[in-house]
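Engineer: Dropping in run08.txt, with compact mmCIF, C-alpha atoms and all ligand atoms.
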```
# COMPACT_ATOMS: atom_id res chain seq x y z
CA MET A 736 -24.45 13.59 26.97
CA SER A 737 -25.38 10.35 25.20
CA LEU A 738 -23.99 7.08 26.41
CA ALA A 739 -21.90 6.63 23.27
CA SER A 740 -20.45 10.14 23.73
CA ALA A 741 -19.43 9.26 27.28
CA TRP A 742 -17.68 6.13 26.03
CA ALA A 743 -15.99 8.14 23.29
CA ARG A 744 -14.74 10.84 25.68
CA GLU A 745 -13.32 8.22 28.02
CA ASP A 746 -11.46 6.52 25.16
CA LEU A 747 -10.29 9.80 23.60
CA ASP A 748 -8.83 10.89 26.95
CA ALA A 749 -6.98 7.60 27.21
CA LEU A 750 -5.61 7.97 23.68
CA SER A 751 -4.53 11.58 24.33
CA ALA A 752 -2.73 10.59 27.54
CA ARG A 753 -0.61 8.14 25.51
CA GLY A 754 0.05 10.53 22.60
CA LEU A 755 -2.05 8.31 20.34
CA ARG A 756 -5.04 10.51 19.51
CA ARG A 757 -5.22 11.38 15.80
CA TYR A 758 -6.45 14.50 14.05
CA LEU A 759 -7.50 15.25 10.50
CA GLU A 760 -5.80 17.98 8.49
CA PRO A 761 -7.32 18.86 5.12
CA LEU A 762 -5.16 19.79 2.14
CA ASP A 763 -6.26 22.81 0.16
CA SER A 764 -4.41 21.79 -3.01
CA PRO A 765 -4.04 18.78 -5.27
CA GLN A 766 -1.86 15.91 -4.12
CA GLY A 767 1.72 16.55 -5.20
CA PRO A 768 5.27 17.20 -4.03
CA VAL A 769 4.23 20.61 -2.68
CA VAL A 770 0.88 20.99 -0.92
CA ARG A 771 -1.14 23.68 0.87
CA VAL A 772 -2.25 22.72 4.35
CA GLY A 773 -3.43 24.92 7.22
CA GLY A 774 -2.45 28.05 5.29
CA GLU A 775 1.12 26.79 4.84
CA THR A 776 2.93 25.59 1.71
CA LEU A 777 4.92 22.48 2.55
CA VAL A 778 7.02 19.90 0.73
CA ASN A 779 5.06 16.66 1.05
CA PHE A 780 6.90 13.50 2.15
CA SER A 781 3.86 11.57 3.37
CA SER A 782 2.03 10.69 0.16
CA ASN A 783 2.05 7.31 -1.56
CA ASP A 784 1.68 9.06 -4.93
CA TYR A 785 5.14 7.71 -5.79
CA LEU A 786 5.17 8.73 -9.44
CA GLY A 787 3.28 12.00 -9.10
CA LEU A 788 0.45 10.62 -11.24
CA ALA A 789 -2.39 11.84 -8.98
CA GLY A 790 -2.01 15.24 -10.58
CA SER A 791 -0.77 14.17 -14.03
CA PRO A 792 -2.49 15.87 -17.02
CA SER A 793 -3.01 12.68 -19.05
CA VAL A 794 -4.51 10.82 -16.09
CA ARG A 795 -6.80 13.74 -15.24
CA ALA A 796 -7.90 14.07 -18.87
CA ALA A 797 -8.81 10.36 -19.03
CA ALA A 798 -10.82 10.67 -15.81
CA ILE A 799 -12.66 13.75 -17.07
CA ALA A 800 -13.55 12.10 -20.38
CA ALA A 801 -14.93 9.04 -18.57
CA LEU A 802 -16.81 11.24 -16.13
CA GLU A 803 -18.52 12.96 -19.06
CA ARG A 804 -19.38 9.61 -20.62
CA TYR A 805 -20.44 7.55 -17.59
CA GLY A 806 -21.31 10.13 -14.89
CA THR A 807 -20.18 10.02 -11.27
CA GLY A 808 -21.66 7.04 -9.47
CA THR A 809 -22.13 3.48 -10.70
CA GLY A 810 -25.44 2.97 -8.94
CA ALA A 811 -24.94 -0.62 -7.81
CA SER A 812 -22.40 -3.39 -7.37
CA ARG A 813 -20.88 -4.78 -10.54
CA LEU A 814 -23.01 -7.92 -10.27
CA VAL A 815 -26.17 -5.83 -10.28
CA VAL A 816 -25.88 -2.97 -12.76
CA GLY A 817 -22.71 -1.08 -11.74
CA ASP A 818 -20.45 -2.85 -14.24
CA THR A 819 -19.21 -0.73 -17.17
CA THR A 820 -17.02 -1.24 -20.20
CA ALA A 821 -14.44 0.98 -18.40
CA HIS A 822 -14.06 -1.70 -15.70
CA HIS A 823 -13.47 -4.42 -18.30
CA ARG A 824 -11.04 -2.29 -20.30
CA LEU A 825 -9.00 -1.62 -17.16
CA GLU A 826 -8.98 -5.30 -16.18
CA ALA A 827 -7.73 -6.24 -19.64
CA ARG A 828 -5.06 -3.49 -19.50
CA LEU A 829 -3.91 -4.62 -16.06
CA ALA A 830 -3.84 -8.29 -17.12
CA ALA A 831 -1.46 -7.35 -19.95
CA PHE A 832 0.64 -5.21 -17.57
CA GLU A 833 0.82 -7.98 -14.96
CA ARG A 834 1.14 -10.77 -17.56
CA ALA A 835 -1.70 -12.54 -15.80
CA GLU A 836 -4.48 -14.79 -17.06
CA ALA A 837 -7.07 -12.66 -15.26
CA VAL A 838 -7.41 -9.47 -13.24
CA LEU A 839 -10.29 -8.50 -10.97
CA LEU A 840 -10.84 -5.00 -9.61
CA PHE A 841 -11.72 -4.09 -6.02
CA ASN A 842 -12.79 -0.72 -4.62
CA SER A 843 -9.69 -0.38 -2.46
CA GLY A 844 -6.70 -2.36 -1.27
CA TYR A 845 -8.46 -2.74 2.03
CA ALA A 846 -11.50 -4.23 0.32
CA ALA A 847 -9.32 -6.55 -1.78
CA ASN A 848 -7.41 -8.00 1.15
CA THR A 849 -10.41 -8.40 3.43
CA GLY A 850 -12.36 -9.99 0.58
CA ILE A 851 -9.83 -12.30 -1.02
CA VAL A 852 -8.48 -14.19 2.01
CA PRO A 853 -11.93 -15.27 3.34
CA ALA A 854 -12.97 -16.27 -0.20
CA LEU A 855 -10.11 -18.77 -0.39
CA VAL A 856 -9.74 -20.20 3.12
CA GLY A 857 -12.05 -20.85 6.06
CA PRO A 858 -12.51 -23.14 9.07
CA GLY A 859 -10.24 -26.18 8.79
CA ASP A 860 -7.69 -24.23 6.75
CA ALA A 861 -4.60 -22.29 7.84
CA VAL A 862 -3.30 -18.91 6.75
CA PHE A 863 0.32 -17.91 7.43
CA SER A 864 0.88 -14.17 7.77
CA ASP A 865 4.06 -12.07 8.20
CA ALA A 866 4.05 -10.21 11.54
CA LEU A 867 4.37 -6.85 9.77
CA ASN A 868 1.71 -7.35 7.10
CA HIS A 869 -0.67 -4.47 6.44
CA ALA A 870 -3.76 -4.20 8.65
CA SER A 871 -6.02 -5.10 5.73
CA LEU A 872 -4.32 -8.49 5.33
CA VAL A 873 -4.46 -8.98 9.10
CA ASP A 874 -8.20 -8.29 9.01
CA GLY A 875 -8.68 -10.54 5.97
CA CYS A 876 -7.04 -13.38 7.90
CA ARG A 877 -9.27 -12.77 10.94
CA LEU A 878 -12.44 -12.60 8.85
CA SER A 879 -11.61 -15.90 7.13
CA ARG A 880 -12.02 -17.88 10.37
CA ALA A 881 -9.13 -20.06 9.21
CA ARG A 882 -6.40 -20.78 11.75
CA VAL A 883 -4.03 -17.78 11.60
CA VAL A 884 -0.32 -18.44 12.09
CA VAL A 885 1.68 -15.20 12.38
CA TYR A 886 5.35 -15.81 11.57
CA PRO A 887 8.15 -13.43 12.65
CA HIS A 888 8.84 -10.71 10.11
CA ALA A 889 10.54 -12.02 6.94
CA ASP A 890 11.64 -15.19 8.77
CA VAL A 891 11.45 -17.91 6.11
CA GLU A 892 12.84 -20.57 8.44
CA ALA A 893 10.03 -19.94 10.92
CA LEU A 894 7.50 -19.92 8.07
CA THR A 895 8.84 -23.22 6.75
CA ARG A 896 8.61 -24.82 10.20
CA ALA A 897 5.06 -23.53 10.65
CA LEU A 898 4.04 -24.86 7.22
CA ALA A 899 5.47 -28.28 8.09
CA ASP A 900 3.97 -28.41 11.60
CA THR A 901 0.46 -27.07 10.99
CA PRO A 902 -2.14 -29.60 9.86
CA ALA A 903 -4.80 -27.99 7.63
CA ARG A 904 -7.00 -28.76 4.65
CA ARG A 905 -5.65 -25.78 2.68
CA LYS A 906 -2.61 -23.62 3.44
CA LEU A 907 -2.32 -20.02 2.24
CA VAL A 908 0.69 -17.74 2.83
CA VAL A 909 0.09 -13.98 2.71
CA THR A 910 2.78 -11.30 2.66
CA ASP A 911 3.39 -7.71 1.65
CA THR A 912 6.18 -7.48 -0.93
CA VAL A 913 7.25 -3.98 0.19
CA PHE A 914 6.32 -3.50 3.85
CA SER A 915 4.35 -0.30 4.18
CA MET A 916 5.86 1.16 7.35
CA ASP A 917 9.46 -0.08 7.02
CA GLY A 918 10.01 0.00 3.26
CA ASP A 919 11.88 -3.30 3.32
CA VAL A 920 11.24 -6.12 0.88
CA ALA A 921 10.02 -9.67 1.58
CA PRO A 922 12.42 -12.57 0.82
CA LEU A 923 10.01 -13.57 -1.91
CA ARG A 924 12.04 -16.18 -3.78
CA GLU A 925 12.55 -18.15 -0.56
CA ILE A 926 8.87 -17.76 0.37
CA VAL A 927 7.81 -19.08 -3.05
CA GLU A 928 10.10 -22.08 -2.58
CA ALA A 929 8.72 -22.77 0.91
CA CYS A 930 5.16 -22.64 -0.44
CA GLU A 931 5.99 -24.99 -3.31
CA ALA A 932 7.72 -27.41 -0.97
CA HIS A 933 4.76 -27.53 1.43
CA GLY A 934 1.79 -27.38 -0.90
CA ALA A 935 0.75 -23.88 0.13
CA ALA A 936 -0.78 -21.20 -2.09
CA LEU A 937 0.76 -17.71 -1.99
CA MET A 938 -0.86 -14.28 -2.07
CA VAL A 939 1.27 -11.13 -2.12
CA ASP A 940 0.36 -7.48 -1.56
CA GLU A 941 2.31 -5.30 -3.99
CA ALA A 942 0.65 -2.03 -2.88
CA HIS A 943 3.98 -0.22 -2.44
CA ALA A 944 5.80 -2.08 -5.22
CA THR A 945 3.47 -1.49 -8.17
CA GLY A 946 4.95 1.28 -10.32
CA VAL A 947 8.11 1.30 -8.18
CA LEU A 948 9.84 -2.09 -8.61
CA GLY A 949 10.47 -4.21 -11.71
CA ALA A 950 11.78 -3.27 -15.14
CA ARG A 951 8.24 -2.42 -16.33
CA GLY A 952 7.07 -1.26 -12.90
CA ALA A 953 4.87 -4.29 -12.25
CA GLY A 954 6.32 -4.95 -8.78
CA LEU A 955 8.63 -7.28 -6.88
CA CYS A 956 7.24 -10.42 -8.59
CA GLU A 957 8.28 -8.93 -11.92
CA GLU A 958 11.69 -7.85 -10.58
CA LEU A 959 12.40 -11.42 -9.44
CA GLY A 960 10.70 -13.14 -12.41
CA LEU A 961 8.23 -14.87 -10.08
CA GLU A 962 4.91 -13.81 -11.63
CA ALA A 963 3.93 -17.33 -12.70
CA ARG A 964 4.80 -18.86 -9.33
CA VAL A 965 2.63 -16.59 -7.15
CA ASP A 966 -1.07 -17.54 -7.02
CA LEU A 967 -2.44 -14.08 -6.31
CA ARG A 968 -0.72 -10.71 -6.81
CA MET A 969 -2.71 -7.87 -5.33
CA GLY A 970 -1.85 -4.29 -6.34
CA THR A 971 -3.41 -0.93 -5.58
CA LEU A 972 -4.48 1.86 -7.91
CA SER A 973 -4.21 4.28 -4.98
CA LYS A 974 -0.45 4.69 -4.65
CA ALA A 975 1.96 4.89 -7.63
CA LEU A 976 -1.02 4.74 -10.01
CA GLY A 977 -2.33 7.95 -8.49
CA GLY A 978 -6.01 7.01 -8.14
CA MET A 979 -8.22 4.80 -6.05
CA GLY A 980 -9.05 1.11 -6.07
CA ALA A 981 -7.14 -2.16 -6.26
CA TYR A 982 -6.85 -5.32 -8.29
CA VAL A 983 -5.71 -8.90 -8.08
CA ALA A 984 -3.75 -10.59 -10.87
CA THR A 985 -4.45 -14.31 -10.78
CA SER A 986 -5.88 -17.28 -12.71
CA ARG A 987 -9.27 -17.20 -14.45
CA ALA A 988 -10.63 -19.74 -11.97
CA VAL A 989 -9.64 -17.68 -8.91
CA ALA A 990 -11.01 -14.47 -10.44
CA ASP A 991 -14.29 -16.25 -11.25
CA LEU A 992 -14.57 -17.54 -7.69
CA LEU A 993 -13.93 -14.06 -6.26
CA VAL A 994 -16.73 -12.63 -8.42
CA SER A 995 -19.14 -15.00 -6.72
CA ARG A 996 -17.71 -15.02 -3.24
CA ALA A 997 -15.53 -12.05 -2.21
CA ARG A 998 -17.94 -10.06 -0.06
CA PRO A 999 -16.51 -6.55 -0.72
CA PHE A 1000 -16.85 -7.32 -4.44
CA VAL A 1001 -20.37 -8.73 -4.19
CA PHE A 1002 -21.87 -6.30 -1.68
CA SER A 1003 -20.31 -2.91 -2.48
CA THR A 1004 -21.09 -0.37 -5.20
CA ALA A 1005 -18.71 -0.57 -8.16
CA LEU A 1006 -15.73 1.77 -8.51
CA PRO A 1007 -16.65 4.88 -10.54
CA ALA A 1008 -15.80 4.49 -14.23
CA ALA A 1009 -13.78 7.72 -14.13
CA LEU A 1010 -11.36 6.09 -11.67
CA CYS A 1011 -11.07 3.06 -13.95
CA ALA A 1012 -10.21 5.28 -16.91
CA ALA A 1013 -7.71 7.24 -14.80
CA ALA A 1014 -5.99 4.02 -13.75
CA GLU A 1015 -5.84 2.79 -17.35
CA ALA A 1016 -4.09 6.01 -18.36
CA ALA A 1017 -1.77 5.71 -15.36
CA VAL A 1018 -0.71 2.17 -16.36
CA ASP A 1019 0.07 3.51 -19.84
CA VAL A 1020 2.36 6.12 -18.24
CA VAL A 1021 4.03 3.58 -15.94
CA GLU A 1022 4.83 1.27 -18.86
CA GLY A 1023 5.47 3.95 -21.45
CA ASP A 1024 7.61 6.37 -19.46
CA PRO A 1025 10.40 4.48 -17.64
CA ASP A 1026 12.14 7.85 -17.07
CA LEU A 1027 9.55 8.59 -14.42
CA ARG A 1028 10.64 5.52 -12.43
CA ALA A 1029 14.28 6.49 -13.04
CA ARG A 1030 13.58 9.90 -11.46
CA LEU A 1031 11.97 8.22 -8.46
CA TRP A 1032 15.02 5.98 -8.03
CA ARG A 1033 17.40 8.94 -8.36
CA ASN A 1034 15.53 10.52 -5.42
CA ILE A 1035 15.45 7.27 -3.44
CA ARG A 1036 19.23 6.79 -3.79
CA ARG A 1037 19.97 10.43 -2.91
CA PHE A 1038 17.75 10.32 0.17
CA ALA A 1039 19.19 6.98 1.36
CA ALA A 1040 22.76 8.30 0.98
CA GLY A 1041 21.81 11.46 2.89
CA LEU A 1042 20.23 9.49 5.74
CA ARG A 1043 23.37 7.37 6.03
CA GLU A 1044 25.47 10.54 6.23
CA LEU A 1045 23.30 11.50 9.20
CA GLY A 1046 24.19 8.19 10.84
CA LEU A 1047 20.76 6.71 10.18
CA HIS A 1048 20.16 3.23 8.85
CA ALA A 1049 18.84 3.40 5.28
CA GLU A 1050 18.53 0.90 2.48
CA ALA A 1051 17.47 2.09 -0.96
CA ARG A 1052 15.01 -0.75 -1.53
CA SER A 1053 11.71 1.11 -2.01
CA ALA A 1054 10.26 4.63 -1.84
CA VAL A 1055 9.48 4.27 1.90
CA PHE A 1056 12.00 5.30 4.59
CA PRO A 1057 11.25 5.01 8.30
CA VAL A 1058 13.16 7.16 10.79
CA ILE A 1059 12.39 5.33 14.01
CA LEU A 1060 12.27 7.53 17.12
CA GLY A 1061 10.62 5.34 19.78
CA GLU A 1062 7.91 6.95 21.87
CA PRO A 1063 4.97 8.73 20.17
CA GLY A 1064 5.91 12.10 21.71
CA ARG A 1065 9.36 12.05 20.11
CA ALA A 1066 7.92 11.34 16.69
CA LEU A 1067 5.26 14.05 17.07
CA ASP A 1068 7.86 16.56 18.23
CA ALA A 1069 10.20 15.77 15.34
CA ALA A 1070 7.31 16.06 12.85
CA ARG A 1071 6.38 19.46 14.30
CA ARG A 1072 9.94 20.76 14.04
CA LEU A 1073 10.38 19.48 10.49
CA ARG A 1074 7.17 21.21 9.57
CA GLU A 1075 8.58 24.51 10.84
CA ALA A 1076 11.35 23.91 8.30
CA GLY A 1077 8.79 23.45 5.49
CA VAL A 1078 8.71 19.64 5.46
CA LEU A 1079 5.43 17.73 5.81
CA VAL A 1080 6.11 14.27 7.20
CA LYS A 1081 3.62 12.58 9.48
CA ALA A 1082 4.43 10.82 12.73
CA ILE A 1083 3.34 7.17 12.55
CA ARG A 1084 2.39 5.71 15.91
CA PRO A 1085 0.82 2.52 17.37
CA PRO A 1086 -1.30 0.68 16.41
CA THR A 1087 -0.05 1.38 12.86
CA VAL A 1088 3.44 0.37 14.05
CA PRO A 1089 4.52 -1.72 17.08
CA GLU A 1090 4.85 -0.03 20.51
CA GLY A 1091 8.20 1.69 20.98
CA THR A 1092 8.76 2.16 17.24
CA SER A 1093 6.92 5.43 16.55
CA ARG A 1094 8.54 7.02 13.57
CA LEU A 1095 8.64 9.53 10.80
CA ARG A 1096 7.78 7.78 7.54
CA PHE A 1097 9.26 9.53 4.50
CA CYS A 1098 7.82 8.66 1.09
CA LEU A 1099 9.78 9.73 -1.98
CA SER A 1100 8.17 10.64 -5.28
CA ALA A 1101 9.38 11.02 -8.85
CA ALA A 1102 7.80 14.48 -8.65
CA HIS A 1103 10.22 15.63 -5.92
CA THR A 1104 13.09 17.72 -7.19
CA VAL A 1105 16.63 17.20 -5.95
CA GLY A 1106 16.07 20.46 -4.03
CA HIS A 1107 13.07 18.95 -2.21
CA VAL A 1108 15.08 15.87 -1.21
CA ASP A 1109 17.93 18.03 0.05
CA LEU A 1110 15.50 20.25 1.98
CA ALA A 1111 14.26 17.20 3.91
CA LEU A 1112 17.81 16.01 4.63
CA ASP A 1113 18.88 19.48 5.71
CA ALA A 1114 15.83 19.82 7.98
CA LEU A 1115 16.60 16.44 9.60
CA ARG A 1116 20.16 17.59 10.20
CA ARG A 1117 19.07 20.88 11.76
CA VAL A 1118 16.40 19.25 13.91
CA GLY A 1119 19.06 16.82 15.13
CA VAL A 1120 17.09 13.67 14.42
CA HIS A 1121 19.18 10.55 14.82
CA HIS A 1122 18.54 6.95 15.70
CA GLY A 1123 17.62 5.93 19.24
N1 LIG B 1 -1.89 -2.93 1.52
C1 LIG B 1 -0.88 -2.16 1.91
C2 LIG B 1 0.47 -2.78 2.07
C3 LIG B 1 -1.08 -0.80 2.16
O1 LIG B 1 -0.09 -0.02 2.58
C4 LIG B 1 -2.37 -0.26 1.98
C5 LIG B 1 -2.70 1.22 2.16
N2 LIG B 1 -2.03 1.96 3.00
C6 LIG B 1 -3.40 -1.12 1.60
C7 LIG B 1 -3.13 -2.43 1.36
C8 LIG B 1 -4.80 -0.60 1.44
O2 LIG B 1 -4.95 -0.02 0.20
P1 LIG B 1 -6.04 1.12 -0.03
O3 LIG B 1 -5.48 2.37 0.57
O4 LIG B 1 -6.20 1.17 -1.50
O5 LIG B 1 -7.27 0.67 0.67
```
Write out the structure in this file as structure tokens.
Structural biologist:
Amino acid sequence: MSLASAWAREDLDALSARGLRRYLEPLDSPQGPVVRVGGETLVNFSSNDYLGLAGSPSVRAAAIAALERYGTGTGASRLVVGDTTAHHRLEARLAAFERAEAVLLFNSGYAANTGIVPALVGPGDAVFSDALNHASLVDGCRLSRARVVVYPHADVEALTRALADTPARRKLVVTDTVFSMDGDVAPLREIVEACEAHGAALMVDEAHATGVLGARGAGLCEELGLEARVDLRMGTLSKALGGMGAYVATSRAVADLLVSRARPFVFSTALPAALCAAAEAAVDVVEGDPDLRARLWRNIRRFAAGLRELGLHAEARSAVFPVILGEPGRALDAARRLREAGVLVKAIRPPTVPEGTSRLRFCLSAAHTVGHVDLALDALRRVGVHHG
């Protein structure tokens, strides 16, 4: 056995002993409200495809047309020869959607967050990060080599104190708008005010808000009318937009700097043009078909009301609902029993969530029928899942 294999076996055994080893499980169907997995047909409550656009005919048709025109790969980073007119069209479409001066694409949300933060701040600067921010923002902060100040979740008073007490050349605040594992929403208006009062720039991650929140589906900044007061608004193409990739809506100057300095942008092969065309079509659907978002919200409200009837805490604030069970084994056991009832919902365990808060994370979609939502609620009732 090689040395690396010995290390791996030792670590895998340790993970297994704590119920934290993970396994892959391939789908044998498109993404959607009902999927085929392991020979079973299950109602899917673990996908971030909030509007059901991953399988939408118009989005697929746009991707196929671009595939025919541009081929599969882009052959190089955008700065070399991987840039296509499809990338520029999508950036212009997203800039109109986000009402932003400029938009720059990234290959994923992970690449965006790990690239943007180090491009803006470094040694001598300070970055202030919510304790429950997504791992990609956490890693972006670490990579920046700026001083990282983690403030307690959604605690604007603590953030304000930290901003006042931390000497730094530049100050940048980073926060998710919808928190990915809890589905709650950042107190964004207060955060904007704290940043303005203390001379800090603000970057938000709208990954779970794009397509879900706001009258036009542009996210929490749009819902609260704060677009012009947030320096950088990052969104993903991989969730409600049904594809892959990410973008940042910002000023021309910031976008120009990122082109020269954000390492995942500079050093990684460009997103395939077919994915750009798919995302452009998806934005058209998000803006042009508000009924889709209305269907999502009908499902969100129904599910939240059902959880409350089961005695569980639930706020209808996003498409994400955690059912917190505590130890990993409890969450795994509940997921297994729900699956026997036809419901696919994955157990989320540390390090994705803090120790002692392993959970089932339900994601609602506009593509779920009322019957699907009721199936999940009924299965929870029969399995006897309740808080604590
Ligand atoms: N930010 C948040 C809040 C997320 O939940 C995720 C993905 N789970 C990402 C960023 C990363 O996005 P992507 O999957 O496109 O890399």
Engineer: Give me, as a ChimeraX atom specification, the set of residues whose atoms come within 6 Å of any atom of ligand LIG 1 (chain B), counting only C-alpha atoms and all ligand atoms.
Structural biologist: /A:843-845,869,871,911,915,940,942,971,973,980-981
Engineer: Which value, in Å to one decimal, gives the distance between CA of Pro922 (chain A) and CA of Pro1057 (chain A)?
Structural biologist: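 Computing the Euclidean distance for CA of Pro922 (chain A) and CA of Pro1057 (chain A) yields 19.1 Å.
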Engineer: Please list as a ChimeraX atom specification every residue within 12 Å of region 762-779 of chain A, counting only C-alpha atoms and excluding residues in the same chain fewer than 6 positions away.
Structural biologist: /A:785-791,795,973-975,977-978,1073-1081,1096-1111,1114
Engineer: With the cut-off set at 12 Å and counting all atoms listed in the file, tabulate each residue of region 837-923 of chain A with an atom at most that distance from an atom of region 809-822 of chain A, showing the nearest atom pair and its distance in Å to one decimal, ordered by chain and increasing number, as CSV.
Structural biologist:
```
residue,atom,partner,partner_atom,distance
A:Val838,CA,A:His822,CA,10.5
A:Leu839,CA,A:His822,CA,9.1
A:Leu840,CA,A:His822,CA,7.6
A:Phe841,CA,A:Arg813,CA,10.2
A:Asn842,CA,A:Ser812,CA,10.3
```
Engineer: Which of these residues is nearest to Asp890 (chain A), using all atoms listed in the file: A:Ala866, A:Leu1027, A:Leu961, A:Ala903?
Structural biologist: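 Nearest candidate to Asp890 (chain A) out of A:Ala866, A:Leu1027, A:Leu961, A:Ala903: A:Ala866.
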Engineer: When you look at Val927 (chain A) with a cut-off of 12 Å (counting all atoms listed in the file), what residues show up, excluding the ones that are within fewer than 2 positions of it in the same chain? I need them as a PDB file with C-alpha atoms, keeping the file's coordinate frame.
Structural biologist:
```
ATOM      1  CA  VAL A 891      11.450 -17.910   6.110  1.00  0.00           C
ATOM      2  CA  LEU A 894       7.500 -19.920   8.070  1.00  0.00           C
ATOM      3  CA  THR A 895       8.840 -23.220   6.750  1.00  0.00           C
ATOM      4  CA  LEU A 907      -2.320 -20.020   2.240  1.00  0.00           C
ATOM      5  CA  VAL A 908       0.690 -17.740   2.830  1.00  0.00           C
ATOM      6  CA  VAL A 909       0.090 -13.980   2.710  1.00  0.00           C
ATOM      7  CA  THR A 910       2.780 -11.300   2.660  1.00  0.00           C
ATOM      8  CA  THR A 912       6.180  -7.480  -0.930  1.00  0.00           C
ATOM      9  CA  ALA A 921      10.020  -9.670   1.580  1.00  0.00           C
ATOM     10  CA  PRO A 922      12.420 -12.570   0.820  1.00  0.00           C
ATOM     11  CA  LEU A 923      10.010 -13.570  -1.910  1.00  0.00           C
ATOM     12  CA  ARG A 924      12.040 -16.180  -3.780  1.00  0.00           C
ATOM     13  CA  GLU A 925      12.550 -18.150  -0.560  1.00  0.00           C
ATOM     14  CA  ALA A 929       8.720 -22.770   0.910  1.00  0.00           C
ATOM     15  CA  CYS A 930       5.160 -22.640  -0.440  1.00  0.00           C
ATOM     16  CA  GLU A 931       5.990 -24.990  -3.310  1.00  0.00           C
ATOM     17  CA  ALA A 932       7.720 -27.410  -0.970  1.00  0.00           C
ATOM     18  CA  HIS A 933       4.760 -27.530   1.430  1.00  0.00           C
ATOM     19  CA  GLY A 934       1.790 -27.380  -0.900  1.00  0.00           C
ATOM     20  CA  ALA A 935       0.750 -23.880   0.130  1.00  0.00           C
ATOM     21  CA  ALA A 936      -0.780 -21.200  -2.090  1.00  0.00           C
ATOM     22  CA  LEU A 937       0.760 -17.710  -1.990  1.00  0.00           C
ATOM     23  CA  MET A 938      -0.860 -14.280  -2.070  1.00  0.00           C
ATOM     24  CA  VAL A 939       1.270 -11.130  -2.120  1.00  0.00           C
ATOM     25  CA  CYS A 956       7.240 -10.420  -8.590  1.00  0.00           C
ATOM     26  CA  LEU A 959      12.400 -11.420  -9.440  1.00  0.00           C
ATOM     27  CA  GLY A 960      10.700 -13.140 -12.410  1.00  0.00           C
ATOM     28  CA  LEU A 961       8.230 -14.870 -10.080  1.00  0.00           C
ATOM     29  CA  GLU A 962       4.910 -13.810 -11.630  1.00  0.00           C
ATOM     30  CA  ALA A 963       3.930 -17.330 -12.700  1.00  0.00           C
ATOM     31  CA  ARG A 964       4.800 -18.860  -9.330  1.00  0.00           C
ATOM     32  CA  VAL A 965       2.630 -16.590  -7.150  1.00  0.00           C
ATOM     33  CA  ASP A 966      -1.070 -17.540  -7.020  1.00  0.00           C
ATOM     34  CA  LEU A 967      -2.440 -14.080  -6.310  1.00  0.00           C
TER      35      LEU A 967
END
```
Engineer: Got a sec: who's within 10 Å of region 1060-1068 of chain A, counting all atoms listed in the file, leaving out chain neighbours fewer than 6 positions off, as a list in words?
Structural biologist: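 The contact residues come out as Arg753, Gly754, Leu755, Arg1074, Val1080, Lys1081, Ala1082, Ile1083, Arg1084, Pro1085, Pro1089, Glu1090, Gly1091, Thr1092, Ser1093, Arg1094, Leu1095, Arg1096, Val1118, Val1120, His1121, His1122 and Gly1123 of chain A.
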Engineer: Which residues, written as a PyMOL selection string, have at least one atom at most 8 Å from Val852 (chain A), with all atoms listed in the file counted and residues fewer than 3 positions away on the same chain left out?
Structural biologist: chain A and resi 848-849+855-856+872+875-876+879
Engineer: Only N, CA and C atoms, please: region 904-913 of chain A from the block, as a short mmCIF file (atom, residue, chain, number, x, y, z; two decimals), in the first residue's frame.
Structural biologist:
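Produced file out_27.cif, reproduced below:
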```cif
data_model
loop_
_atom_site.label_atom_id
_atom_site.label_comp_id
_atom_site.auth_asym_id
_atom_site.auth_seq_id
_atom_site.Cartn_x
_atom_site.Cartn_y
_atom_site.Cartn_z
N ARG A 904 -5.86 49.43 6.51
CA ARG A 904 -5.80 50.33 5.35
C ARG A 904 -7.15 50.33 4.64
N ARG A 905 -7.62 49.13 4.27
CA ARG A 905 -8.93 48.99 3.63
C ARG A 905 -9.77 48.03 4.46
N LYS A 906 -11.08 48.27 4.51
CA LYS A 906 -11.99 47.37 5.21
C LYS A 906 -13.04 46.86 4.23
N LEU A 907 -13.22 45.55 4.21
CA LEU A 907 -14.20 44.92 3.33
C LEU A 907 -15.08 44.01 4.17
N VAL A 908 -16.40 44.17 4.03
CA VAL A 908 -17.35 43.27 4.72
C VAL A 908 -17.89 42.29 3.68
N VAL A 909 -17.93 41.01 4.04
CA VAL A 909 -18.47 40.00 3.12
C VAL A 909 -19.57 39.21 3.82
N THR A 910 -20.70 39.04 3.13
CA THR A 910 -21.79 38.25 3.72
C THR A 910 -22.63 37.59 2.64
N ASP A 911 -23.11 36.38 2.95
CA ASP A 911 -24.18 35.78 2.15
C ASP A 911 -25.42 36.65 2.35
N THR A 912 -26.31 36.70 1.35
CA THR A 912 -27.60 37.37 1.60
C THR A 912 -28.61 36.33 2.11
N VAL A 913 -28.72 35.21 1.41
CA VAL A 913 -29.46 34.04 1.96
C VAL A 913 -28.39 33.04 2.39
#
```
